[in-house]
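Shown here: start-v3.pdb, PDB, C-alpha atoms, pLDDT in the B column.
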ATOM      1  CA  PRO D   3      36.530   7.235  18.374  1.00 47.00           C
ATOM      2  CA  GLU D   4      36.182   8.545  14.825  1.00 46.00           C
ATOM      3  CA  GLN D   5      36.092   4.987  13.464  1.00 48.00           C
ATOM      4  CA  ALA D   6      33.373   4.018  15.939  1.00 46.00           C
ATOM      5  CA  SER D   7      31.347   7.052  14.880  1.00 44.00           C
ATOM      6  CA  ASP D   8      31.674   6.116  11.216  1.00 47.00           C
ATOM      7  CA  THR D   9      30.496   2.573  11.931  1.00 45.00           C
ATOM      8  CA  THR D  10      27.510   3.838  13.875  1.00 45.00           C
ATOM      9  CA  GLU D  11      26.487   6.115  11.001  1.00 46.00           C
ATOM     10  CA  THR D  12      26.972   3.445   8.343  1.00 46.00           C
ATOM     11  CA  GLY D  13      24.825   0.795  10.071  1.00 45.00           C
ATOM     12  CA  PRO D  14      21.414   2.484   9.757  1.00 49.00           C
ATOM     13  CA  ASP D  15      22.145   3.472   6.138  1.00 68.00           C
ATOM     14  CA  LEU D  16      22.806  -0.148   5.207  1.00 71.00           C
ATOM     15  CA  GLN D  17      19.659  -1.264   7.012  1.00 67.00           C
ATOM     16  CA  THR D  18      17.619   1.394   5.248  1.00 66.00           C
ATOM     17  CA  ALA D  19      19.039   0.333   1.881  1.00 64.00           C
ATOM     18  CA  ALA D  20      18.266  -3.315   2.636  1.00 66.00           C
ATOM     19  CA  ARG D  21      14.660  -2.505   3.539  1.00 67.00           C
ATOM     20  CA  PHE D  22      14.294  -0.246   0.494  1.00 64.00           C
ATOM     21  CA  LEU D  23      15.632  -2.841  -1.941  1.00 71.00           C
ATOM     22  CA  GLY D  24      13.947  -5.760  -0.197  1.00 73.00           C
ATOM     23  CA  TRP D  25      10.412  -4.372  -0.442  1.00 73.00           C
ATOM     24  CA  ASP D  26      11.052  -3.102  -3.959  1.00 73.00           C
ATOM     25  CA  PHE D  27      12.332  -6.517  -5.037  1.00 80.00           C
ATOM     26  CA  LEU D  28       9.325  -8.263  -3.492  1.00 84.00           C
ATOM     27  CA  GLY D  29       6.985  -5.979  -5.418  1.00 82.00           C
ATOM     28  CA  SER D  30       8.875  -6.600  -8.644  1.00 85.00           C
ATOM     29  CA  LEU D  31       8.599 -10.349  -8.109  1.00 91.00           C
ATOM     30  CA  ALA D  32       4.843 -10.044  -7.605  1.00 89.00           C
ATOM     31  CA  LEU D  33       4.341  -8.051 -10.803  1.00 88.00           C
ATOM     32  CA  GLY D  34       6.675 -10.363 -12.708  1.00 90.00           C
ATOM     33  CA  ALA D  35       4.645 -13.351 -11.505  1.00 92.00           C
ATOM     34  CA  ALA D  36       1.476 -11.741 -12.874  1.00 92.00           C
ATOM     35  CA  PHE D  37       3.201 -11.107 -16.217  1.00 92.00           C
ATOM     36  CA  GLY D  38       4.228 -14.751 -16.406  1.00 92.00           C
ATOM     37  CA  LEU D  39       0.932 -16.241 -15.273  1.00 93.00           C
ATOM     38  CA  ALA D  40      -1.214 -14.365 -17.803  1.00 94.00           C
ATOM     39  CA  PRO D  41      -0.125 -16.195 -20.995  1.00 93.00           C
ATOM     40  CA  LEU D  42       0.009 -19.505 -19.125  1.00 94.00           C
ATOM     41  CA  MET D  43      -3.648 -19.087 -18.168  1.00 94.00           C
ATOM     42  CA  VAL D  44      -4.605 -18.338 -21.760  1.00 94.00           C
ATOM     43  CA  THR D  45      -2.618 -21.285 -23.101  1.00 93.00           C
ATOM     44  CA  ALA D  46      -4.091 -23.697 -20.567  1.00 92.00           C
ATOM     45  CA  SER D  47      -7.609 -22.518 -21.350  1.00 89.00           C
ATOM     46  CA  ASP D  48      -7.691 -21.898 -25.104  1.00 87.00           C
ATOM     47  CA  GLY D  49      -4.413 -23.126 -26.566  1.00 89.00           C
ATOM     48  CA  ALA D  50      -1.512 -21.627 -28.467  1.00 88.00           C
ATOM     49  CA  ALA D  51      -3.571 -19.737 -31.079  1.00 85.00           C
ATOM     50  CA  ALA D  52      -5.368 -17.708 -28.406  1.00 88.00           C
ATOM     51  CA  THR D  53      -2.055 -17.056 -26.686  1.00 91.00           C
ATOM     52  CA  ALA D  54      -0.664 -15.587 -29.914  1.00 91.00           C
ATOM     53  CA  SER D  55      -3.558 -13.104 -30.104  1.00 91.00           C
ATOM     54  CA  TYR D  56      -3.146 -12.234 -26.449  1.00 94.00           C
ATOM     55  CA  HIS D  57       0.591 -11.712 -26.804  1.00 93.00           C
ATOM     56  CA  LEU D  58       0.176  -9.332 -29.748  1.00 93.00           C
ATOM     57  CA  ALA D  59      -2.474  -7.327 -27.903  1.00 94.00           C
ATOM     58  CA  TRP D  60      -0.344  -7.269 -24.748  1.00 95.00           C
ATOM     59  CA  SER D  61       2.697  -6.009 -26.665  1.00 93.00           C
ATOM     60  CA  PHE D  62       0.800  -2.987 -27.995  1.00 93.00           C
ATOM     61  CA  ALA D  63      -0.876  -2.202 -24.678  1.00 95.00           C
ATOM     62  CA  TYR D  64       2.392  -2.561 -22.766  1.00 94.00           C
ATOM     63  CA  SER D  65       4.016  -0.084 -25.152  1.00 94.00           C
ATOM     64  CA  VAL D  66       1.378   2.470 -24.119  1.00 94.00           C
ATOM     65  CA  TYR D  67       2.035   1.746 -20.444  1.00 93.00           C
ATOM     66  CA  LEU D  68       5.764   2.328 -20.947  1.00 93.00           C
ATOM     67  CA  VAL D  69       5.000   6.026 -21.474  1.00 93.00           C
ATOM     68  CA  GLY D  70       3.911   6.228 -17.832  1.00 90.00           C
ATOM     69  CA  ARG D  71       6.804   4.056 -16.772  1.00 90.00           C
ATOM     70  CA  ALA D  72       9.323   6.383 -18.412  1.00 92.00           C
ATOM     71  CA  MET D  73       7.702   9.402 -16.768  1.00 92.00           C
ATOM     72  CA  SER D  74       7.848   7.703 -13.373  1.00 90.00           C
ATOM     73  CA  VAL D  75      11.574   7.014 -13.738  1.00 89.00           C
ATOM     74  CA  SER D  76      12.146  10.696 -14.491  1.00 90.00           C
ATOM     75  CA  LEU D  77      10.049  11.625 -11.450  1.00 89.00           C
ATOM     76  CA  VAL D  78      12.155   9.425  -9.175  1.00 89.00           C
ATOM     77  CA  ALA D  79      15.393  10.929 -10.503  1.00 89.00           C
ATOM     78  CA  GLU D  80      14.251  14.539 -10.199  1.00 87.00           C
ATOM     79  CA  GLY D  81      12.298  14.027  -6.974  1.00 86.00           C
ATOM     80  CA  ALA D  82      15.300  12.476  -5.250  1.00 84.00           C
ATOM     81  CA  THR D  83      17.365  15.519  -6.251  1.00 86.00           C
ATOM     82  CA  LEU D  84      14.690  18.099  -5.342  1.00 85.00           C
ATOM     83  CA  PRO D  85      12.554  16.540  -2.581  1.00 83.00           C
ATOM     84  CA  ASP D  86      11.117  19.924  -1.578  1.00 86.00           C
ATOM     85  CA  ARG D  87       9.486  20.213  -4.999  1.00 85.00           C
ATOM     86  CA  LEU D  88       8.047  16.678  -4.970  1.00 85.00           C
ATOM     87  CA  PRO D  89       4.348  17.708  -4.754  1.00 82.00           C
ATOM     88  CA  ARG D  90       4.740  20.019  -7.741  1.00 84.00           C
ATOM     89  CA  LEU D  91       6.788  17.479  -9.669  1.00 87.00           C
ATOM     90  CA  MET D  92       4.165  14.833  -8.955  1.00 86.00           C
ATOM     91  CA  ALA D  93       1.346  17.049 -10.263  1.00 84.00           C
ATOM     92  CA  ASP D  94       3.308  17.912 -13.417  1.00 86.00           C
ATOM     93  CA  THR D  95       4.257  14.292 -14.075  1.00 88.00           C
ATOM     94  CA  LEU D  96       0.781  12.939 -13.432  1.00 87.00           C
ATOM     95  CA  PHE D  97      -0.853  15.512 -15.692  1.00 87.00           C
ATOM     96  CA  HIS D  98       1.501  14.976 -18.625  1.00 89.00           C
ATOM     97  CA  THR D  99       1.440  11.199 -18.188  1.00 91.00           C
ATOM     98  CA  LEU D 100      -2.352  11.020 -18.223  1.00 89.00           C
ATOM     99  CA  LEU D 101      -2.461  13.398 -21.184  1.00 91.00           C
ATOM    100  CA  LEU D 102      -0.095  11.269 -23.250  1.00 93.00           C
ATOM    101  CA  VAL D 103      -1.450   7.902 -22.141  1.00 95.00           C
ATOM    102  CA  SER D 104      -5.117   8.838 -22.569  1.00 94.00           C
ATOM    103  CA  SER D 105      -4.394  10.096 -26.084  1.00 94.00           C
ATOM    104  CA  ALA D 106      -2.637   6.845 -26.969  1.00 95.00           C
ATOM    105  CA  VAL D 107      -5.417   4.812 -25.363  1.00 96.00           C
ATOM    106  CA  LEU D 108      -8.024   6.619 -27.453  1.00 96.00           C
ATOM    107  CA  VAL D 109      -6.142   5.978 -30.693  1.00 96.00           C
ATOM    108  CA  VAL D 110      -5.487   2.301 -29.956  1.00 96.00           C
ATOM    109  CA  PHE D 111      -9.035   1.709 -28.696  1.00 96.00           C
ATOM    110  CA  VAL D 112     -10.589   3.158 -31.866  1.00 96.00           C
ATOM    111  CA  PHE D 113      -8.205   1.512 -34.320  1.00 96.00           C
ATOM    112  CA  ALA D 114      -7.734  -1.821 -32.496  1.00 95.00           C
ATOM    113  CA  PRO D 115      -9.253  -3.906 -35.340  1.00 94.00           C
ATOM    114  CA  LEU D 116      -6.986  -2.260 -37.905  1.00 94.00           C
ATOM    115  CA  ILE D 117      -3.940  -2.733 -35.688  1.00 93.00           C
ATOM    116  CA  MET D 118      -4.617  -6.432 -35.225  1.00 93.00           C
ATOM    117  CA  ALA D 119      -5.486  -6.854 -38.919  1.00 93.00           C
ATOM    118  CA  VAL D 120      -1.878  -6.001 -39.792  1.00 91.00           C
ATOM    119  CA  PHE D 121      -0.931  -9.457 -38.475  1.00 89.00           C
ATOM    120  CA  GLY D 122      -3.779 -11.259 -40.231  1.00 87.00           C
ATOM    121  CA  LYS D 123      -7.567 -11.354 -40.253  1.00 87.00           C
ATOM    122  CA  ALA D 124      -7.527 -14.307 -37.873  1.00 84.00           C
ATOM    123  CA  TYR D 125      -6.323 -12.017 -35.074  1.00 89.00           C
ATOM    124  CA  VAL D 126      -9.039  -9.393 -35.441  1.00 90.00           C
ATOM    125  CA  ALA D 127     -12.059 -11.178 -33.974  1.00 88.00           C
ATOM    126  CA  GLU D 128     -10.358 -12.277 -30.774  1.00 87.00           C
ATOM    127  CA  GLY D 129      -7.407  -9.913 -30.545  1.00 91.00           C
ATOM    128  CA  ALA D 130      -9.145  -6.547 -31.006  1.00 94.00           C
ATOM    129  CA  PRO D 131     -11.452  -6.834 -27.948  1.00 95.00           C
ATOM    130  CA  VAL D 132      -8.515  -8.019 -25.850  1.00 96.00           C
ATOM    131  CA  LEU D 133      -6.384  -5.109 -27.037  1.00 96.00           C
ATOM    132  CA  ARG D 134      -9.129  -2.623 -26.175  1.00 96.00           C
ATOM    133  CA  VAL D 135      -9.483  -3.903 -22.624  1.00 97.00           C
ATOM    134  CA  LEU D 136      -5.733  -4.095 -22.071  1.00 96.00           C
ATOM    135  CA  VAL D 137      -5.156  -0.565 -23.307  1.00 96.00           C
ATOM    136  CA  LEU D 138      -7.933   0.758 -21.050  1.00 96.00           C
ATOM    137  CA  ALA D 139      -6.081  -0.835 -18.125  1.00 96.00           C
ATOM    138  CA  CYS D 140      -3.122   1.431 -18.926  1.00 95.00           C
ATOM    139  CA  LEU D 141      -5.007   4.433 -17.510  1.00 94.00           C
ATOM    140  CA  PRO D 142      -5.230   3.273 -13.866  1.00 94.00           C
ATOM    141  CA  TRP D 143      -1.904   1.466 -14.255  1.00 93.00           C
ATOM    142  CA  SER D 144      -0.197   4.733 -15.187  1.00 92.00           C
ATOM    143  CA  PHE D 145      -1.609   6.380 -12.075  1.00 91.00           C
ATOM    144  CA  THR D 146      -0.385   3.610  -9.777  1.00 93.00           C
ATOM    145  CA  THR D 147       3.024   3.750 -11.468  1.00 92.00           C
ATOM    146  CA  ILE D 148       3.327   7.464 -10.685  1.00 91.00           C
ATOM    147  CA  TYR D 149       2.180   6.752  -7.118  1.00 91.00           C
ATOM    148  CA  CYS D 150       4.893   4.099  -6.756  1.00 91.00           C
ATOM    149  CA  ALA D 151       7.469   6.600  -8.013  1.00 90.00           C
ATOM    150  CA  VAL D 152       6.402   9.115  -5.363  1.00 89.00           C
ATOM    151  CA  VAL D 153       6.619   6.627  -2.489  1.00 88.00           C
ATOM    152  CA  ARG D 154      10.002   5.449  -3.781  1.00 87.00           C
ATOM    153  CA  VAL D 155      11.287   9.010  -3.492  1.00 87.00           C
ATOM    154  CA  ARG D 156       9.903   9.059   0.057  1.00 86.00           C
ATOM    155  CA  ARG D 157      11.668   5.704   0.725  1.00 83.00           C
ATOM    156  CA  GLN D 158       8.339   3.987   1.415  1.00 83.00           C
ATOM    157  CA  THR D 159       8.953   0.958  -0.766  1.00 81.00           C
ATOM    158  CA  ARG D 160       6.724  -1.148   1.443  1.00 85.00           C
ATOM    159  CA  SER D 161       3.845   0.723  -0.178  1.00 88.00           C
ATOM    160  CA  VAL D 162       5.245  -0.204  -3.597  1.00 88.00           C
ATOM    161  CA  ALA D 163       5.253  -3.872  -2.612  1.00 89.00           C
ATOM    162  CA  MET D 164       1.681  -3.649  -1.276  1.00 92.00           C
ATOM    163  CA  VAL D 165       0.476  -2.107  -4.547  1.00 93.00           C
ATOM    164  CA  GLN D 166       2.113  -4.786  -6.660  1.00 92.00           C
ATOM    165  CA  LEU D 167       1.111  -7.661  -4.371  1.00 94.00           C
ATOM    166  CA  GLY D 168      -2.447  -6.333  -4.424  1.00 94.00           C
ATOM    167  CA  THR D 169      -2.324  -6.173  -8.221  1.00 94.00           C
ATOM    168  CA  LEU D 170      -1.155  -9.784  -8.358  1.00 95.00           C
ATOM    169  CA  ALA D 171      -3.856 -10.991  -5.964  1.00 95.00           C
ATOM    170  CA  VAL D 172      -6.736  -9.268  -7.765  1.00 96.00           C
ATOM    171  CA  PHE D 173      -5.425 -10.222 -11.204  1.00 96.00           C
ATOM    172  CA  VAL D 174      -5.105 -13.904 -10.327  1.00 95.00           C
ATOM    173  CA  GLY D 175      -8.484 -13.996  -8.597  1.00 96.00           C
ATOM    174  CA  VAL D 176     -10.407 -12.337 -11.438  1.00 96.00           C
ATOM    175  CA  SER D 177      -8.506 -13.966 -14.309  1.00 95.00           C
ATOM    176  CA  ALA D 178      -8.702 -17.478 -12.879  1.00 94.00           C
ATOM    177  CA  THR D 179     -12.465 -17.036 -12.530  1.00 95.00           C
ATOM    178  CA  LEU D 180     -13.066 -15.655 -16.035  1.00 95.00           C
ATOM    179  CA  VAL D 181     -10.483 -17.418 -18.185  1.00 94.00           C
ATOM    180  CA  THR D 182     -12.371 -20.709 -18.269  1.00 92.00           C
ATOM    181  CA  THR D 183     -15.412 -19.098 -19.892  1.00 93.00           C
ATOM    182  CA  MET D 184     -13.979 -16.026 -21.618  1.00 93.00           C
ATOM    183  CA  GLY D 185     -10.437 -17.059 -22.493  1.00 92.00           C
ATOM    184  CA  ALA D 186      -7.929 -14.289 -23.261  1.00 93.00           C
ATOM    185  CA  PHE D 187     -10.649 -11.665 -22.893  1.00 95.00           C
ATOM    186  CA  GLY D 188     -11.156 -12.802 -19.300  1.00 95.00           C
ATOM    187  CA  VAL D 189      -7.449 -12.375 -18.588  1.00 96.00           C
ATOM    188  CA  ALA D 190      -7.584  -8.873 -20.076  1.00 96.00           C
ATOM    189  CA  LEU D 191     -10.518  -8.089 -17.787  1.00 97.00           C
ATOM    190  CA  GLY D 192      -8.388  -9.385 -14.918  1.00 96.00           C
ATOM    191  CA  TRP D 193      -5.743  -6.755 -15.697  1.00 96.00           C
ATOM    192  CA  LEU D 194      -8.339  -3.998 -15.942  1.00 96.00           C
ATOM    193  CA  ALA D 195      -9.948  -5.033 -12.654  1.00 96.00           C
ATOM    194  CA  ALA D 196      -6.611  -5.346 -10.845  1.00 96.00           C
ATOM    195  CA  HIS D 197      -5.255  -1.948 -11.855  1.00 95.00           C
ATOM    196  CA  SER D 198      -8.607  -0.205 -11.345  1.00 96.00           C
ATOM    197  CA  LEU D 199      -9.230  -1.647  -7.876  1.00 96.00           C
ATOM    198  CA  VAL D 200      -5.693  -0.929  -6.713  1.00 95.00           C
ATOM    199  CA  CYS D 201      -6.026   2.624  -8.016  1.00 93.00           C
ATOM    200  CA  LEU D 202      -9.314   3.050  -6.109  1.00 93.00           C
ATOM    201  CA  ALA D 203      -7.681   1.598  -2.997  1.00 93.00           C
ATOM    202  CA  ILE D 204      -4.910   4.211  -3.200  1.00 90.00           C
ATOM    203  CA  PHE D 205      -7.516   6.987  -3.430  1.00 85.00           C
ATOM    204  CA  ALA D 206      -9.488   5.517  -0.520  1.00 87.00           C
ATOM    205  CA  ARG D 207      -6.373   5.225   1.647  1.00 83.00           C
ATOM    206  CA  HIS D 208      -5.433   8.820   0.880  1.00 76.00           C
ATOM    207  CA  VAL D 209      -8.899  10.025   1.899  1.00 77.00           C
ATOM    208  CA  LEU D 210      -8.874   7.983   5.123  1.00 81.00           C
ATOM    209  CA  ILE D 211      -5.453   9.282   6.168  1.00 75.00           C
ATOM    210  CA  ASN D 212      -5.538  12.870   4.929  1.00 71.00           C
ATOM    211  CA  GLY D 213      -9.233  13.638   4.495  1.00 68.00           C
ATOM    212  CA  PHE D 214     -11.318  14.388   1.425  1.00 59.00           C
ATOM    213  CA  GLU D 215     -10.160  18.016   1.259  1.00 65.00           C
ATOM    214  CA  ALA D 216      -6.569  16.881   0.772  1.00 61.00           C
ATOM    215  CA  LEU D 217      -7.675  14.755  -2.173  1.00 59.00           C
ATOM    216  CA  VAL D 218      -9.461  17.741  -3.688  1.00 59.00           C
ATOM    217  CA  ASP D 219      -6.293  19.816  -3.237  1.00 62.00           C
ATOM    218  CA  ARG D 220      -4.291  17.157  -5.062  1.00 60.00           C
ATOM    219  CA  ILE D 221      -6.759  17.165  -7.942  1.00 59.00           C
ATOM    220  CA  LEU D 222      -6.773  20.956  -8.125  1.00 58.00           C
ATOM    221  CA  ALA D 223      -2.972  20.889  -8.227  1.00 61.00           C
ATOM    222  CA  LEU D 224      -3.298  19.362 -11.689  1.00 57.00           C
ATOM    223  CA  ALA D 225      -4.741  22.680 -12.862  1.00 56.00           C
ATOM    224  CA  GLY D 226      -1.250  24.183 -12.712  1.00 57.00           C
ATOM    225  CA  PRO D 227       0.263  22.001 -15.454  1.00 59.00           C
ATOM    226  CA  ALA D 228      -2.932  22.350 -17.493  1.00 55.00           C
ATOM    227  CA  LEU D 229      -2.752  26.153 -17.400  1.00 53.00           C
ATOM    228  CA  ALA D 230       0.954  26.043 -18.156  1.00 58.00           C
ATOM    229  CA  LEU D 231       0.237  23.913 -21.212  1.00 57.00           C
ATOM    230  CA  LEU D 232      -2.265  26.520 -22.386  1.00 55.00           C
ATOM    231  CA  GLY D 233       0.302  29.266 -21.919  1.00 58.00           C
ATOM    232  CA  SER D 234      -1.032  30.656 -18.635  1.00 50.00           C
ATOM    233  CA  ASP D 235       1.305  29.372 -15.927  1.00 50.00           C
ATOM    234  CA  PRO D 236      -0.016  30.237 -12.430  1.00 47.00           C
ATOM    235  CA  ARG D 237       3.528  30.089 -11.093  1.00 47.00           C
ATOM    236  CA  LEU D 238       4.438  33.279 -12.983  1.00 43.00           C
TER
END

Hey, can you dump this file as structure tokens for me?
Amino acid sequence: PEQASDTTETGPDLQTAARFLGWDFLGSLALGAAFGLAPLMVTASDGAAATASYHLAWSFAYSVYLVGRAMSVSLVAEGATLPDRLPRLMADTLFHTLLLVSSAVLVVFVFAPLIMAVFGKAYVAEGAPVLRVLVLACLPWSFTTIYCAVVRVRRQTRSVAMVQLGTLAVFVGVSATLVTTMGAFGVALGWLAAHSLVCLAIFARHVLINGFEALVDRILALAGPALALLGSDPRL
């Protein structure tokens, strides 16, 4: 009887793990496909030289995004340990992520020509505008990354897959339309459009399900970390 009970308890756990990993893997495949398609589009449209400029710009912008990625990993680890504090942890993580990422975005956006000039003057004319658009895309991308971390803690990895599949669909649709006339800059606009529209879709879904007041409450929750940063923690 004890063995039968153990088997019954183990079954649902394995099924839950399979669903969790399956949806998460599908989302990762979608985002990986977008990563791979981007330089291929640029190469097919404008050749290897344009791809080199795009790759340099992408490397810098992706480094900015990794700030949000690192914060999201920490949120998953701490949120899984302290699920009761998830709303507070989410507000803290989102505030500090946007603070760090927006600061980096501002610096890179202003000094993009100088950054690209380090690799040669030939990269400035085409690479700097691409870098500016890509780094702007890091702002909504950081938000969606934190959102994906929250739903991972809640074991709702289907939502993660929907976010990343949506990102892939919008990116391919916009980039394929613009790359023929705008080259690498069109692909960069595809990233900005994809992350921005997915971010807006998350907000819209939250309002439809929970109401506008709940969204306002979430935004006001960010005041806590802001006050704490200024030395006036409302939790004290």

| What does the PyMOL selection byres ((chain D and resi 168-181) around 12) select in this file, as a ChimeraX atom specification? | /D:28-49,52-53,139,142-143,146-147,161-167,182-204

| request: Given the file shown, enumerate the residues that the PyMOL selection byres ((chain D and resi 80-82) around 10) captures and present them as a list in words. | output: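 After applying the PyMOL selection byres ((chain D and resi 80-82) around 10), what remains is Ser74, Val75, Ser76, Leu77, Val78, Ala79, Thr83, Leu84, Pro85, Asp86, Arg87, Leu88, Pro89, Arg90, Leu91, Met92, Ala151, Val152, Arg154, Val155, Arg156 and Arg157 of chain D.
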
Residues as selected, C-alpha atoms, written as a compact mmCIF listing (two decimals), in the coordinates of the input, can you do that?
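Result file is again34.txt:
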# COMPACT_ATOMS: atom_id res chain seq x y z
CA SER D 74 7.85 7.70 -13.37
CA VAL D 75 11.57 7.01 -13.74
CA SER D 76 12.15 10.70 -14.49
CA LEU D 77 10.05 11.62 -11.45
CA VAL D 78 12.16 9.43 -9.18
CA ALA D 79 15.39 10.93 -10.50
CA THR D 83 17.36 15.52 -6.25
CA LEU D 84 14.69 18.10 -5.34
CA PRO D 85 12.55 16.54 -2.58
CA ASP D 86 11.12 19.92 -1.58
CA ARG D 87 9.49 20.21 -5.00
CA LEU D 88 8.05 16.68 -4.97
CA PRO D 89 4.35 17.71 -4.75
CA ARG D 90 4.74 20.02 -7.74
CA LEU D 91 6.79 17.48 -9.67
CA MET D 92 4.16 14.83 -8.96
CA ALA D 151 7.47 6.60 -8.01
CA VAL D 152 6.40 9.12 -5.36
CA ARG D 154 10.00 5.45 -3.78
CA VAL D 155 11.29 9.01 -3.49
CA ARG D 156 9.90 9.06 0.06
CA ARG D 157 11.67 5.70 0.72

| field | stretch 121-124 of chain D environment, 10 Å, only C-alpha atoms, sequence neighbours closer than 6 positions dropped, as a list in words | value |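 The residues satisfying every condition are Ala51, Ser55, Leu58 and Pro115 of chain D.
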
| task | I would like the residues chosen by the PyMOL selection byres ((chain D and resi 110) around 12) on the shown file; could you give them as a PyMOL selection string? | result | chain D and resi 59+62-66+103-109+111-118+130-138+140

| task | Pick out the closest residue to D:Trp25 from this set: D:Leu102, D:Leu68, D:Ala127, D:Cys150. Count only C-alpha atoms. | result |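 Selected residue with least distance to D:Trp25: D:Cys150.
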
| note | From atom CA of D:Gly70 to atom CA of D:Thr99 the spacing works out at 5.6 Å

| query | In Å to one decimal, how far is atom CA of D:Tyr56 from atom CA of D:Tyr125? | reply | 9.2 Å

| What separation in Å, quoted to one decimal, exists between atom CA of D:Ala206 and atom CA of D:Thr159? | 19.0 Å

Axis-aligned box over every listed atom of stretch 61-76 of chain D, padded by 3 Å per side: centre and edges in Å to one decimal, as JSON?
{"center_x": 5.6, "center_y": 2.3, "center_z": -20.7, "size_x": 19.0, "size_y": 22.7, "size_z": 20.6}
